[in-house]
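I have placed the structure first, in the form of structure tokens, so that the comments after it can refer back to it.
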Amino acid sequence: MAKIQNISEIHPTLGFTEFDVLEKYRKSFHESELGRLHSVFPFERMAKAAGLSRQHPGRRNIFSPSAKIALMVVKAYTGFSDRQPVEHLNGNIHYQMFCGIMIDPSSPITNIKIVSAIRNEIASRLDIDTLQDVLASHWKPYLDNLHVCMTDATCYESHLRFPTDMKLLWESIEWLYRHICGHCRELGIRRPRNKYADVSESYLSYCKKRKRKVSRTRMLKRRMIRLLEKLLIQRDEIHREYGVSLRYTKDYRKRLSIIRKVLVQEKEMFEGRKVSDRIVSIDRHYIRPIVRGKETKSVEFGAKVNNIQIDGISFIEHLSFKAFNEGIRLKDCIRMQQKLMSVRVRCVAADSIYANNANRKFCTKYGISTSFVRKGRAARDEPLRKVLRCELSRERATRLEGSFGTQKQHYSLSRIKAGNRKTEILWIFFGIHTANAVLMIDKIRNRTVKAA
């Protein structure tokens, strides 16, 4: 086990303070980028809100609860892989100070899977609303224009190959055939006959073609559907006869149920029927196609998130891996901001999709000015309202939509490489709020200068 201590447990032991190198490192840390980033996060409160505990059975944990939260912030801020934070912790004292630990150079951390283990632990306990309440209360004194609510939705794409029916069918066939061969080898029985070799050769030839005829695609798809159906029948026959001798893992059962659902969906689509709740990946079965209608990409695959923004700081209002209409969530956005900031919302800036009659009536009833294009006869103060609408629209287009690009380009949210649903949500949460924290550094500095 690595010899690691919390910084709070270490006391200076040198007799001459002018040679206290550790104190100089502490000073340089507070003046560095990492030190300023560390100062804007309430790590202790976040760890407590997440339910992370220091006491647990077994040997002492390397990272304290607050250090685990800090490690996730470091990963989002730097864009490192899981291996790189461990390497920097072993060799950079500023990273150790950020996480609140000290590592003996002669006994470095060697377990590179510790980052993944911590991510899974926090993801299993993550409550977005509770943690955002903690962050909002900590940052609220440094925010201005708390009465202005800006909202919009975006898609944080997952890192997966572009899904097609042929790829999905072939991945299902390959996985099922491999496990059938494994079962037969384990039981010492003869492998059942099927057309796997012929379909494999045809699929390889199909993949090498630059131009693929519709007739050939349809013919090969029919063969793959029939082969997948036969493989499932053969697997069920083996299970019926030798099921007592076989041991199935939880992942195996889950993957098998997904493949059965894929077969049903592909058969329905082949017959020309529409399919709801369509599976696009066997590994990430929770992801659904989200039609965004953009010029560059009409469909995106990942989590769709409806955000609100307060003085440039973004908060997650709703997150789902299924497509939803963000236009009906304006009331929830306003209520959420009023709950976080304890200030009544007076102005709303939102896209045209939010400008439905229900939202217009709600805003009129509570005296909320909006950026929506006016309907009906102009009022007496129409010139002033027009100026306000233009200003709100400009701020939303520059700050809110600009924040989406910043998060995706600089905080690892362009193609999320998480392994499951919970860790993907955690990845998005820390990416968004690490981007917020970088903005909060300047806000806190400016407020401190004004107060002085």
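Within each chain, counting starts at residue 1; across the structure tokens, chains are named A, B, ... in the order shown, with ligands numbered 1 upward in that order.
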Long-range neighbours of stretch 149-153 of chain A as a VMD selection string, 8 Å cut-off, only C-alpha atoms, 4 positions minimum in chain:
chain A and resid 304 to 310 326 330 333 to 334 337 345 347 to 351 396 400 to 401
May I have the residues within 9 Å of stretch 83-91 of chain A as number ranges by chain, using only C-alpha atoms and disregarding those fewer than 3 positions away in the same chain?
A: 71, 74-75, 78, 80, 94-96, 99, 102-105, 107-115
Could you jot down the atom CA of A:Gln265 to atom CA of A:Lys221 separation for me, Å, one decimal place?
12.8 Å
Quick one: everything within 9 Å of A:Arg389, counting only C-alpha atoms, minus sequence neighbours fewer than 5 positions away in the same chain. Send it as a count of residues only.
8
Atom CA of A:Thr249 to atom CA of A:Arg161, distance in Å rounded to a single decimal
26.0 Å
